[in-house]
Amino acid sequence: MVLVMLFGSPAIHAVEVITNITAETASITTTQLRRIYSMRQVRWANGVPITIFVLSSTSTTHQKFCKETLRLFPYQLDRIWDKLTFSGMGVGPTLVTSEKELIKAVKSTTGAIGYIENIDEVSDVNLLKIDE
Amino acid sequence: MSIYLKSMNKMIYKLICVSALIAFNTIAQDEYSAEPFKIHGFVAQGAIDVDGSNFVNNDGELSLELTEIGLNTSYKFTNDFRFAAQAVYLNGGNRYNEGLRVDYFLVDWNAYSSDKWQANLFVGRIKNTHWLHSSTRDIPFARPSIILPQGAYFDGFRDIAVGGDGAALKLTYNNDEYGEFDFNFSRGRSPINSDDAEVILSELAQGSIEHNLDSQASVYWRPVFSQWKFGLTLLDSEFNYEEESLDFFVDGRFVFQFYTMNAMYEGENWEFTTELLQTRFLTEGFYAPQFSQDNLGQGASFQARYKVDQKLTLISRYDLFYADRDDKKGQELEKRSYGVVPSYFGYQHDAMLGFSYDFSDNFRVNAEYHWVEGAARLNPIVLPNALVNNQERWEMWAVQLMYWF
């Protein structure tokens, strides 16, 4: 079981990417993250299916994650997910209402991935290092 | 009496759809967990007023025939197999037939999956995902405007163009150097009923029209970390008309080929979209046993959107369409029909201004105004109604409220 390393509580948090421990990965590239969130990669390297949890597209954390981490605008992701969901060609991510709920969902769902701004008291999930 | 029954039926349809939406919306919001069973839906109601054409109705009065209700589900049997279906209720006046439709009903097999490649095979009733807005043309919140550019997304062809019964293959490829590629191929046949024939052909058409198996393909490319996306699409389809006894028309064959190129720029505030198209419309027979006509039509649409803030988006678009590129002013069309079909049925150009405002994450209002010149995209397209559409220039406005989950 991997525990998140905590380095105090800085006033401003960057958005961090977390996964369920079954994802068995310690780092991820930005392009890989974009692939996952635009539903173009549906399994981890070990074959475990990826389950994506997201916050509302109007939440500050989601917007920061899209712009700063994925280098996409929230509406671009909404467009991809809506197109998949309403054409039958795929499934969009699962929406959760808070970071607390997102952590709980990632912790308890095999192959899950999510993002959070506040990593205080987060445990039993992988905190991914993001490579360029 | 029949009008009364028809309006009662419409109300019952709407009530059933809205009740189902409310019930399923509750289920959908119940749990966060990634259950294999997913439900989504939408409901939209608007008002539309057309002055100078039969685009929505023949009397030119303000109309509420701008209703779109949909409910879909997806169920994952295993990691590789999934079932998905969507039903929609649409009421758009003369634009297409009013009623319930099964939009898609399919099994999705994720045949191959890696970090670079994905291959999916879909079998059943498949939605057309080839064109820029074909899969979201009646998903109110997922399309750019209430009325789409009619050159490419002619509402009279909605039921034929929206998809069909068959199979589709989707390949996605990710390359860290060159970007993202999507390849789609599908073969299918659209179910066409007698009401569709009436909308597309003419009220005088007593016979039946059948859609033979069509082929469609598309390629999309987004360069690495680019705001641009480019696409190419191809469609080849054929229809046969079988005359009925005492019919105004005779047996006929129609070939419809459709090619588009599109480019889209998605910036933080600005968004630009352009779609260029060419159509080939071959008619053999139908009007008379020896009749033959082979037209190449052309069109283009240019659209700009500006996001003022998170809630308000402004939109502007210009759409051009020529039914025959060799007769852009429609003079030959008028001559050939001995003046029965005016020259302005040879083209249709539409300038549009509008906005959308988001009240919340899933509640929006869209509003727009159109200035249109020409009548080439007014139903029925095969035998134009020049008595009702007796003006070259016409206008319309529309407002639509929408909710989705």
# chains A, B, ... in the order shown; residues from 1 in each chain; ligands from 1

call {"tool": "residues_around", "arguments": {"residues": "stretch 20-31 of chain A", "least_positions_apart": "4", "cutoff": "8 Å", "atoms": "only C-alpha atoms", "output": "list in words"}}
result
Met1, Val2, Arg35, Trp44, Asn46, Val48, Thr69, Leu70, Val106, Lys107, Ser108, Thr109, Thr110, Gly111, Ala112, Ile113, Asp124, Val125, Asn126, Leu127, Leu128, Lys129, Ile130, Asp131 and Glu132 of chain A; Asp176 of chain B

call {"tool": "residues_around", "arguments": {"residues": "B:Gln216", "least_positions_apart": "3", "cutoff": "12 Å", "atoms": "only C-alpha atoms", "output": "PyMOL selection string"}}
result
chain B and resi 126-131+161-164+166-170+183-189+213+219+232-237+256-260

call {"tool": "select_by_dssp", "arguments": {"residues": "stretch 272-324 of chain B", "states": "strand (DSSP E or B)", "output": "short mmCIF file (atom, residue, chain, number, x, y, z; two decimals) with C-alpha atoms, in the first residue's frame"}}
result
data_model
loop_
_atom_site.label_atom_id
_atom_site.label_comp_id
_atom_site.auth_asym_id
_atom_site.auth_seq_id
_atom_site.Cartn_x
_atom_site.Cartn_y
_atom_site.Cartn_z
CA PHE B 272 -13.64 29.02 -35.15
CA THR B 273 -15.20 26.28 -37.22
CA THR B 274 -15.40 25.82 -40.94
CA GLU B 275 -16.96 23.01 -42.92
CA LEU B 276 -16.70 22.71 -46.71
CA LEU B 277 -18.94 20.28 -48.54
CA GLN B 278 -19.66 18.82 -51.94
CA THR B 279 -22.70 16.70 -52.76
CA ARG B 280 -23.59 14.61 -55.76
CA PHE B 281 -27.28 14.00 -56.28
CA LEU B 282 -28.15 11.66 -59.14
CA THR B 283 -31.80 11.11 -60.06
CA GLU B 284 -32.84 8.44 -62.55
CA GLY B 285 -36.52 7.95 -63.37
CA SER B 292 -31.85 11.52 -65.58
CA GLN B 293 -30.13 14.33 -63.71
CA ASP B 294 -26.70 14.44 -62.08
CA ASN B 295 -26.00 17.52 -59.92
CA LEU B 296 -22.93 18.48 -57.98
CA GLY B 297 -23.83 20.78 -55.10
CA GLN B 298 -21.40 22.77 -52.97
CA GLY B 299 -21.48 24.56 -49.68
CA ALA B 300 -19.45 26.05 -46.86
CA SER B 301 -20.08 27.33 -43.38
CA PHE B 302 -17.93 29.66 -41.29
CA GLN B 303 -18.63 29.97 -37.61
CA ALA B 304 -17.10 32.02 -34.81
CA ARG B 305 -17.91 31.73 -31.11
CA TYR B 306 -16.72 34.00 -28.35
CA LYS B 307 -16.91 33.04 -24.70
CA LEU B 312 -22.28 33.68 -21.82
CA THR B 313 -21.19 32.65 -25.34
CA LEU B 314 -21.84 34.65 -28.50
CA ILE B 315 -22.09 32.97 -31.88
CA SER B 316 -22.06 34.12 -35.47
CA ARG B 317 -22.19 31.98 -38.63
CA TYR B 318 -22.49 32.29 -42.36
CA ASP B 319 -23.64 29.25 -44.30
CA LEU B 320 -23.69 29.00 -48.10
CA PHE B 321 -25.23 26.23 -50.17
CA TYR B 322 -25.63 25.77 -53.92
#

call {"tool": "closest_atom_pairs", "arguments": {"of": "chain A", "to": "chain B", "cutoff": "9 Å", "atoms": "only C-alpha atoms", "output": "CSV"}}
result
residue,atom,partner,partner_atom,distance
A:Thr31,CA,B:Asp176,CA,7.0
A:Gln32,CA,B:Asp115,CA,7.8
A:Arg35,CA,B:Asn174,CA,7.8
A:Ile36,CA,B:Asp115,CA,8.9
A:Arg40,CA,B:Thr172,CA,7.0
A:Gln41,CA,B:Asp115,CA,5.4
A:Val42,CA,B:Ser113,CA,7.1
A:Arg43,CA,B:Ser114,CA,6.9
A:Trp44,CA,B:Asp115,CA,7.7
A:Ala45,CA,B:Asp115,CA,7.4
A:Gly47,CA,B:Ser114,CA,8.5
A:Pro49,CA,B:Asn79,CA,7.0
A:Thr51,CA,B:Ala34,CA,7.0
A:Ile52,CA,B:Ala34,CA,8.4
A:Phe53,CA,B:Ala34,CA,8.4
A:Ser56,CA,B:Asp361,CA,7.5
A:Ser57,CA,B:Asp361,CA,7.4
A:Thr58,CA,B:Asp361,CA,7.0
A:Arg71,CA,B:Phe225,CA,7.4
A:Leu72,CA,B:Phe225,CA,8.3
A:Phe73,CA,B:Glu268,CA,6.5
A:Gln76,CA,B:Glu266,CA,7.5
A:Asp78,CA,B:Ala142,CA,8.8
A:Arg79,CA,B:Ala142,CA,6.8
A:Asp82,CA,B:Ala142,CA,6.6
A:Lys83,CA,B:Thr136,CA,6.5
A:Leu84,CA,B:Ser135,CA,8.8
A:Thr85,CA,B:His40,CA,7.8
A:Phe86,CA,B:Thr136,CA,7.0
A:Ser87,CA,B:Ser135,CA,5.5
A:Gly88,CA,B:Ala84,CA,5.5
A:Met89,CA,B:Asp108,CA,7.5
A:Gly90,CA,B:Asp108,CA,8.4
A:Val91,CA,B:Ser74,CA,7.5
A:Pro93,CA,B:Ala34,CA,8.6
A:Thr94,CA,B:Ala34,CA,6.4
A:Leu95,CA,B:Tyr32,CA,6.7
A:Val96,CA,B:Tyr32,CA,5.8
A:Thr97,CA,B:Tyr32,CA,8.5
A:Glu101,CA,B:Tyr32,CA,8.2
A:Leu102,CA,B:Tyr32,CA,8.7
A:Ala105,CA,B:Ser33,CA,6.5
A:Ser108,CA,B:Ser33,CA,8.8
A:Thr109,CA,B:Ala34,CA,7.5

call {"tool": "write_last_selection", "arguments": {"atoms": "C-alpha atoms", "output": "short mmCIF file (atom, residue, chain, number, x, y, z; two decimals), in the first residue's frame"}}
result
data_model
loop_
_atom_site.label_atom_id
_atom_site.label_comp_id
_atom_site.auth_asym_id
_atom_site.auth_seq_id
_atom_site.Cartn_x
_atom_site.Cartn_y
_atom_site.Cartn_z
CA THR A 31 0.10 13.43 -23.09
CA GLN A 32 -0.87 10.19 -21.37
CA ARG A 35 -5.30 10.53 -23.58
CA ILE A 36 -6.94 9.14 -20.46
CA ARG A 40 -8.45 7.58 -25.82
CA GLN A 41 -6.71 5.24 -23.37
CA VAL A 42 -9.02 3.01 -21.38
CA ARG A 43 -6.59 0.63 -19.62
CA TRP A 44 -3.50 0.99 -17.49
CA ALA A 45 -0.24 -0.66 -18.59
CA GLY A 47 -4.41 -4.17 -18.20
CA PRO A 49 -9.56 -0.76 -16.92
CA THR A 51 -12.32 4.57 -14.28
CA ILE A 52 -12.31 8.36 -14.35
CA PHE A 53 -13.77 10.58 -11.64
CA SER A 56 -18.05 19.70 -11.98
CA SER A 57 -16.66 21.55 -15.02
CA THR A 58 -17.34 24.86 -13.26
CA ARG A 71 -3.44 22.08 -21.22
CA LEU A 72 -7.03 21.80 -22.42
CA PHE A 73 -10.05 24.00 -21.75
CA GLN A 76 -13.13 20.77 -24.82
CA ASP A 78 -17.16 18.40 -21.98
CA ARG A 79 -17.53 18.29 -25.76
CA ASP A 82 -21.00 14.63 -24.45
CA LYS A 83 -20.29 13.37 -27.93
CA LEU A 84 -19.39 9.91 -26.64
CA THR A 85 -22.28 9.74 -24.16
CA PHE A 86 -25.02 10.89 -26.54
CA SER A 87 -23.87 9.00 -29.63
CA GLY A 88 -23.53 5.63 -27.88
CA MET A 89 -19.88 5.45 -28.90
CA GLY A 90 -18.49 5.59 -25.39
CA VAL A 91 -18.93 6.42 -21.76
CA PRO A 93 -16.39 10.00 -16.68
CA THR A 94 -18.24 9.75 -13.38
CA LEU A 95 -19.06 13.11 -11.83
CA VAL A 96 -18.60 13.59 -8.07
CA THR A 97 -19.62 16.61 -6.07
CA GLU A 101 -16.08 12.28 -2.38
CA LEU A 102 -13.56 12.01 -5.21
CA ALA A 105 -14.31 7.05 -4.96
CA SER A 108 -12.55 2.28 -3.45
CA THR A 109 -12.69 1.80 -7.23
#

call {"tool": "atom_distance", "arguments": {"atom1": "atom CA of B:Ala205", "atom2": "atom CA of B:Glu243"}}
result
8.1 Å

call {"tool": "select_by_dssp", "arguments": {"residues": "stretch 31-123 of chain A", "states": "helix (DSSP H, G or I)", "output": "PyMOL selection string"}}
result
chain A and resi 31-37+60-70+74-87+99-108

call {"tool": "residues_around", "arguments": {"residues": "A:Pro74", "least_positions_apart": "6", "cutoff": "9 Å", "atoms": "only C-alpha atoms", "output": "PDB file with N, CA and C atoms, in the first residue's frame"}}
result
ATOM      1  N   SER A  57     -17.528  20.776 -14.112  1.00  0.00           N
ATOM      2  CA  SER A  57     -16.662  21.546 -15.016  1.00  0.00           C
ATOM      3  C   SER A  57     -16.569  23.019 -14.611  1.00  0.00           C
ATOM      4  N   THR A  58     -17.437  23.467 -13.713  1.00  0.00           N
ATOM      5  CA  THR A  58     -17.338  24.858 -13.257  1.00  0.00           C
ATOM      6  C   THR A  58     -16.518  24.987 -11.964  1.00  0.00           C
ATOM      7  N   HIS A  62     -11.297  21.689 -11.126  1.00  0.00           N
ATOM      8  CA  HIS A  62     -11.412  21.083 -12.457  1.00  0.00           C
ATOM      9  C   HIS A  62     -10.804  22.016 -13.512  1.00  0.00           C
ATOM     10  N   GLN A  63     -11.109  23.293 -13.376  1.00  0.00           N
ATOM     11  CA  GLN A  63     -10.604  24.242 -14.366  1.00  0.00           C
ATOM     12  C   GLN A  63      -9.083  24.345 -14.327  1.00  0.00           C
ATOM     13  N   PHE A  65      -7.058  21.984 -13.253  1.00  0.00           N
ATOM     14  CA  PHE A  65      -6.546  20.712 -13.750  1.00  0.00           C
ATOM     15  C   PHE A  65      -6.529  20.706 -15.282  1.00  0.00           C
ATOM     16  N   CYS A  66      -7.640  21.146 -15.883  1.00  0.00           N
ATOM     17  CA  CYS A  66      -7.727  21.151 -17.353  1.00  0.00           C
ATOM     18  C   CYS A  66      -6.665  22.069 -17.959  1.00  0.00           C
ATOM     19  N   LYS A  67      -6.630  23.313 -17.455  1.00  0.00           N
ATOM     20  CA  LYS A  67      -5.758  24.307 -18.090  1.00  0.00           C
ATOM     21  C   LYS A  67      -4.291  24.066 -17.778  1.00  0.00           C
TER      22      LYS A  67
END

call {"tool": "residues_around", "arguments": {"residues": "B:Pro380", "least_positions_apart": "3", "cutoff": "8 Å", "atoms": "only C-alpha atoms", "output": "VMD selection string"}}
result
chain B and resid 156 198 to 202 383 to 385

call {"tool": "residues_around", "arguments": {"residues": "B:Phe230", "least_positions_apart": "4", "cutoff": "7 Å", "atoms": "only C-alpha atoms", "output": "CSV table (one decimal) with C-alpha atoms, in the first residue's frame"}}
result
chain,number,residue,atom,x,y,z
B,220,TYR,CA,-9.8,13.3,-37.9
B,221,TRP,CA,-6.5,14.6,-36.8
B,222,ARG,CA,-5.4,16.8,-33.9
B,262,ASN,CA,-13.7,20.6,-41.7
B,263,ALA,CA,-11.3,22.5,-39.5
B,264,MET,CA,-11.9,23.7,-35.9

call {"tool": "closest_residue", "arguments": {"among": "B:Val340, B:Val88, B:Ala367, B:Ile381", "to": "B:Ala47", "atoms": "only C-alpha atoms"}}
result
B:Ala367

call {"tool": "closest_residue", "arguments": {"among": "B:Glu68, B:Asp59, B:Asp350, B:Glu368", "to": "B:Gln150", "atoms": "only C-alpha atoms"}}
result
B:Asp350

call {"tool": "atom_distance", "arguments": {"atom1": "atom CA of B:Asp247", "atom2": "atom CA of B:His211"}}
result
19.7 Å

call {"tool": "residues_around", "arguments": {"residues": "B:Gln391", "least_positions_apart": "6", "cutoff": "10 Å", "atoms": "only C-alpha atoms", "output": "ChimeraX atom specification"}}
result
/B:51-53,342,344,373-375

call {"tool": "write_last_selection", "arguments": {"atoms": "N, CA and C atoms", "output": "mmCIF file, in the first residue's frame"}}
result
data_model
loop_
_atom_site.group_PDB
_atom_site.id
_atom_site.type_symbol
_atom_site.label_atom_id
_atom_site.label_comp_id
_atom_site.auth_asym_id
_atom_site.auth_seq_id
_atom_site.Cartn_x
_atom_site.Cartn_y
_atom_site.Cartn_z
ATOM 1 N N ASP B 51 -40.544 33.801 -40.764
ATOM 2 C CA ASP B 51 -41.308 34.751 -41.557
ATOM 3 C C ASP B 51 -40.862 34.636 -43.015
ATOM 4 N N GLY B 52 -41.713 34.045 -43.861
ATOM 5 C CA GLY B 52 -41.407 34.015 -45.287
ATOM 6 C C GLY B 52 -41.053 32.668 -45.861
ATOM 7 N N SER B 53 -41.155 31.587 -45.069
ATOM 8 C CA SER B 53 -40.933 30.253 -45.641
ATOM 9 C C SER B 53 -41.682 29.218 -44.812
ATOM 10 N N PRO B 342 -38.914 28.607 -58.975
ATOM 11 C CA PRO B 342 -38.140 29.850 -59.116
ATOM 12 C C PRO B 342 -36.638 29.625 -58.904
ATOM 13 N N TYR B 344 -34.504 30.944 -57.039
ATOM 14 C CA TYR B 344 -33.932 30.957 -55.681
ATOM 15 C C TYR B 344 -34.014 29.600 -54.977
ATOM 16 N N GLU B 373 -31.386 33.684 -47.488
ATOM 17 C CA GLU B 373 -31.625 34.038 -48.874
ATOM 18 C C GLU B 373 -31.651 32.729 -49.664
ATOM 19 N N GLY B 374 -32.771 32.429 -50.300
ATOM 20 C CA GLY B 374 -32.877 31.201 -51.087
ATOM 21 C C GLY B 374 -33.696 30.136 -50.381
ATOM 22 N N ALA B 375 -34.018 29.077 -51.134
ATOM 23 C CA ALA B 375 -34.942 28.067 -50.605
ATOM 24 C C ALA B 375 -34.517 26.643 -50.950
#

call {"tool": "atom_distance", "arguments": {"atom1": "atom CA of B:Asn379", "atom2": "atom CA of B:Asn54"}}
result
7.8 Å

call {"tool": "residues_around", "arguments": {"residues": "B:Ala197", "least_positions_apart": "4", "cutoff": "9 Å", "atoms": "only C-alpha atoms", "output": "PyMOL selection string"}}
result
chain B and resi 192-193+201-203+205-209

call {"tool": "write_last_selection", "arguments": {"atoms": "C-alpha atoms", "output": "CSV table (one decimal), in the first residue's frame"}}
result
chain,number,residue,atom,x,y,z
B,192,ILE,CA,-37.5,5.2,-44.0
B,193,ASN,CA,-41.3,5.3,-43.5
B,201,LEU,CA,-40.1,14.0,-51.8
B,202,SER,CA,-43.5,15.5,-51.9
B,203,GLU,CA,-47.0,15.1,-50.5
B,205,ALA,CA,-45.5,10.7,-53.5
B,206,GLN,CA,-47.7,7.6,-52.9
B,207,GLY,CA,-45.0,5.0,-53.3
B,208,SER,CA,-42.2,3.9,-50.9
B,209,ILE,CA,-38.6,4.8,-50.7
